[in-house]
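Down below is the structure, laid out as structure tokens.
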Amino acid sequence: MDALIVFGLVVVTGVLLAVLVSGEFARAVWAHFGVVLLIAVGTVIYLGLTGHLSS
């Protein structure tokens, strides 16, 4: 259940970043949080592949 919450947060964050893709502010946000977002996505994918996300 926690992994699904994390996935939801990743999706919301991605949408917000997509909305903010304009100008220096968006690039600054991506520079600060892009790595964290990628790690979160990677974690969700890892949990899914290893069966921790039960359907």
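Chain labels follow the order of the structure tokens: the first chain is A, the next B, and so on; residue numbering restarts at 1 in every chain, and ligands are counted from 1 in their shown order.
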
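Excluding region 28-44 of chain A and any residue on its chain fewer than 6 positions from it, the residues at most 8 Å away by only C-alpha atoms are Ala3, Val6, Phe7, Val10, Thr13, Gly14 and Leu17 of chain A.
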
Produce a file of the selected residues containing N, CA and C atoms, as a CSV table (one decimal), in the first residue's frame.
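Once everything was written out, this is selection_36.csv:
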chain,number,residue,atom,x,y,z
A,3,ALA,N,3.8,1.5,-1.3
A,3,ALA,CA,4.4,1.7,-2.6
A,3,ALA,C,3.4,2.4,-3.5
A,6,VAL,N,3.5,6.0,-2.8
A,6,VAL,CA,4.7,6.6,-3.4
A,6,VAL,C,4.5,6.8,-4.9
A,7,PHE,N,4.0,5.8,-5.5
A,7,PHE,CA,3.7,5.9,-7.0
A,7,PHE,C,2.8,7.1,-7.3
A,10,VAL,N,4.8,10.2,-7.0
A,10,VAL,CA,5.7,10.4,-8.2
A,10,VAL,C,4.9,10.9,-9.4
A,13,THR,N,4.0,14.5,-8.8
A,13,THR,CA,5.2,15.4,-8.9
A,13,THR,C,5.6,15.5,-10.4
A,14,GLY,N,5.5,14.4,-11.2
A,14,GLY,CA,5.7,14.5,-12.6
A,14,GLY,C,4.8,15.4,-13.3
A,17,LEU,N,5.8,19.0,-12.5
A,17,LEU,CA,7.0,19.4,-13.2
A,17,LEU,C,6.6,19.7,-14.7
